[in-house]
Amino acid sequence: MATAVRDTLCFAGSEEADEAVRGTCEDASICKRFAVSIGYWKDPYIQYFVRQAKERKAPEINRGYYARVHGVSQLLKAFLKKTECNCQIINLGAGLDTMFWRLKDENLLPKKYFEVDFPMIVARKIYNIKSKPPLSKPIMESHSGESFLIDAHSLDSSRYAILAADLRDAAELEEKLKKFNMDIQLPTLLIAECVLVYMTPEQSASLLKWAANTFQAAMVINYEQVNMVDRFGQIMIENLQRRQCSLAGVEACKSLESQRERLLLNGWETANAIDMMKVYSYLPQADVKRVEGLEFLDEKELLEQLMQHYCICWATKDSCNLGLSNITF
């Protein structure tokens with residue numbers, strides 16, 4: 001149960017390790033679809049990417065995903081507000097995420113939205129987009145200009161791009177993103193949800209350093225494990241290892257302080273990290289109350305333990321004085 005609140009991209013290096021985490025992308029999306037189906041939040045697009053869960057998910061898992069989705073979304077929307085949507089978003093290890101479509105519905109699209117993931121996940125997502133009009137139509141509606149590219153492993157329109165790249169190789173990543181018209185002058189938000197933890201500390205440091213050095217104004221949002229040195233953390237690690245999925249980057253997940261430190265050591269000017277229990281307490285309380293009425297939660301302690309072992313970290317670099325360092329919950 002404790003392993004369910006996590007996602008994509010096992011970047012430890014071997015094909016077996018990579019394959020193990022591609023599986024977690026599916027798990028996470030199924031968990032999100034289940035939570036959506038019982039009313040935790042609205043997402044009309046998730047149904048086009050994954051099947052409905054065969055069995056009920058535990059209430060603490062549903063609440064964990066609710067806190068995660070809303071926590072990341074709150075920071076993302078604060079960034080869009082500061083930049084007045086004159087920015088780009090790069091979702092690293094995006095999996096089957098539906099954020100692009102939801103932002104379009106709210107009239108909050110950035111200048112361009114990029115998604116990067118494993119070739120196999122990208123190919124599957126493109127297949128879904130091509131075969132399902134509710135996914136392809138919004139991309140076409142937001143597209144302007146001549147060039148529209150779509151093949152098995154990439155799709156590039158004027159407002160949305162999805163491409164396959166290895167996040168362990170920052171030079172290759174930059175080259176591919178530039179091919180798809182990434183603009184290093186634009187304020188840039190990078191999102192990584194349960195991604196860095198599957199890379200070695202050297203690989204994630206290199207990726208974070210690349211981002212801090214490439215853009216004049218940027219913010220990174222990182223959602224992943226924390227407090228992994230206690231017994232509960234060890235059980236989470238063992239559960240993942242049983243699925244041949246090792247957390248190569250668990251070193252940075254020792255504490256909120258180690259999470260902040262990694263960001264500051266790799267070129268970011270400000271860095272914050274809070275656990276998901278704290279995030280949950282910062283969400284709009286009227287909606288939290290609504291959600292808590294959806295299903296009975298027997299194991300409050302388990303929810304607290306789970307939430308204390310995940311965190312949202314965010315860091316900024318702001319040469320343009322946009323006030324990015326003021327973004328908070």
# chains A, B, ... in the order shown; residues from 1 in each chain; ligands from 1
>>> residues_around(residues="A:Glu115", least_positions_apart="5", cutoff="12 Å", atoms="only C-alpha atoms", output="VMD selection string")
chain A and resid 88 to 100 121 to 122 125 to 126 153 to 156 159 to 165 167 173 176 to 177 180 182 189 to 192
>>> write_last_selection(atoms="C-alpha atoms", output="mmCIF file, in the first residue's frame")
data_model
loop_
_atom_site.group_PDB
_atom_site.id
_atom_site.type_symbol
_atom_site.label_atom_id
_atom_site.label_comp_id
_atom_site.auth_asym_id
_atom_site.auth_seq_id
_atom_site.Cartn_x
_atom_site.Cartn_y
_atom_site.Cartn_z
ATOM 1 C CA GLN A 88 6.782 27.392 -21.289
ATOM 2 C CA ILE A 89 6.288 24.247 -19.201
ATOM 3 C CA ILE A 90 8.500 21.161 -19.497
ATOM 4 C CA ASN A 91 7.052 18.075 -17.820
ATOM 5 C CA LEU A 92 9.955 15.654 -17.270
ATOM 6 C CA GLY A 93 8.804 12.041 -17.113
ATOM 7 C CA ALA A 94 5.228 13.148 -17.818
ATOM 8 C CA GLY A 95 3.835 9.637 -18.160
ATOM 9 C CA LEU A 96 0.122 9.711 -19.007
ATOM 10 C CA ASP A 97 -0.429 13.099 -17.363
ATOM 11 C CA THR A 98 -3.381 15.183 -18.625
ATOM 12 C CA MET A 99 -2.311 18.659 -17.464
ATOM 13 C CA PHE A 100 -2.079 20.138 -20.995
ATOM 14 C CA ILE A 121 5.436 5.628 -22.979
ATOM 15 C CA VAL A 122 5.586 8.425 -25.556
ATOM 16 C CA LYS A 125 0.493 8.362 -25.483
ATOM 17 C CA ILE A 126 0.735 9.445 -29.134
ATOM 18 C CA HIS A 153 7.863 8.757 -31.004
ATOM 19 C CA SER A 154 7.150 12.467 -31.223
ATOM 20 C CA LEU A 155 4.421 14.997 -31.770
ATOM 21 C CA ASP A 156 5.057 18.694 -32.259
ATOM 22 C CA ARG A 159 1.400 24.736 -28.276
ATOM 23 C CA TYR A 160 2.070 21.092 -27.334
ATOM 24 C CA ALA A 161 4.979 18.736 -27.907
ATOM 25 C CA ILE A 162 5.751 15.257 -26.654
ATOM 26 C CA LEU A 163 9.121 13.638 -27.257
ATOM 27 C CA ALA A 164 11.215 10.679 -26.187
ATOM 28 C CA ALA A 165 14.523 11.471 -24.484
ATOM 29 C CA LEU A 167 16.793 12.547 -18.832
ATOM 30 C CA LEU A 173 17.570 16.482 -23.854
ATOM 31 C CA LYS A 176 15.731 17.497 -28.732
ATOM 32 C CA LEU A 177 13.759 20.218 -26.923
ATOM 33 C CA PHE A 180 10.763 21.320 -30.901
ATOM 34 C CA MET A 182 12.016 25.306 -26.727
ATOM 35 C CA LEU A 189 8.613 25.771 -15.362
ATOM 36 C CA LEU A 190 10.016 22.251 -15.076
ATOM 37 C CA ILE A 191 7.951 19.547 -13.381
ATOM 38 C CA ALA A 192 9.332 16.225 -12.135
#
>>> select_by_dssp(residues="stretch 141-297 of chain A", states="helix (DSSP H, G or I)", output="number ranges by chain")
A: 141-142, 170-179, 196-198, 201-214, 231-241, 250-253, 256-265, 276-282, 285-292
>>> closest_residue(among="A:Glu141, A:Glu55, A:Glu19, A:Glu26", to="A:Arg124", atoms="only C-alpha atoms")
A:Glu26
>>> residues_around(residues="A:Gln47", least_positions_apart="2", cutoff="10 Å", atoms="only C-alpha atoms", output="PyMOL selection string")
chain A and resi 29-30+32-34+36-37+43-45+49-52
>>> closest_residue(among="A:Phe215, A:Leu322, A:Glu146, A:Ile312", to="A:Ser73", atoms="only C-alpha atoms")
A:Ile312
>>> residues_around(residues="stretch 264-269 of chain A", least_positions_apart="5", cutoff="6 Å", atoms="only C-alpha atoms", output="number ranges by chain")
A: 209, 212, 316-317
>>> atom_distance(atom1="atom CA of A:Phe329", atom2="atom CA of A:Leu75")
7.0 Å
>>> select_by_dssp(residues="stretch 2-221 of chain A", states="strand (DSSP E or B)", output="PyMOL selection string")
chain A and resi 88-92+112-117+149-151+154-156+160-164+188-193+217-221
>>> residues_around(residues="A:Asp287", least_positions_apart="5", cutoff="12 Å", atoms="only C-alpha atoms", output="number ranges by chain")
A: 39-41, 63, 66-67, 70, 280-282, 292-294
>>> closest_residue(among="A:Gln244, A:Ser142, A:Gln234, A:Asn222", to="A:Arg260", atoms="only C-alpha atoms")
A:Asn222
>>> residues_around(residues="A:Glu60", least_positions_apart="5", cutoff="9 Å", atoms="only C-alpha atoms", output="MDAnalysis selection string")
chainID A and resid 1 65 297:300 302:304 306
>>> residues_around(residues="A:Gly64", least_positions_apart="5", cutoff="12 Å", atoms="only C-alpha atoms", output="ChimeraX atom specification")
/A:1-6,28,31-32,35,40,57-59,69-71,223-224,275-277,279-280,288,291-292,300,302-311
>>> atom_distance(atom1="atom CA of A:Leu263", atom2="atom CA of A:Thr24")
25.2 Å
>>> closest_residue(among="A:Arg56, A:Arg262, A:Lys42, A:Lys179", to="A:Ala205", atoms="only C-alpha atoms")
A:Arg262
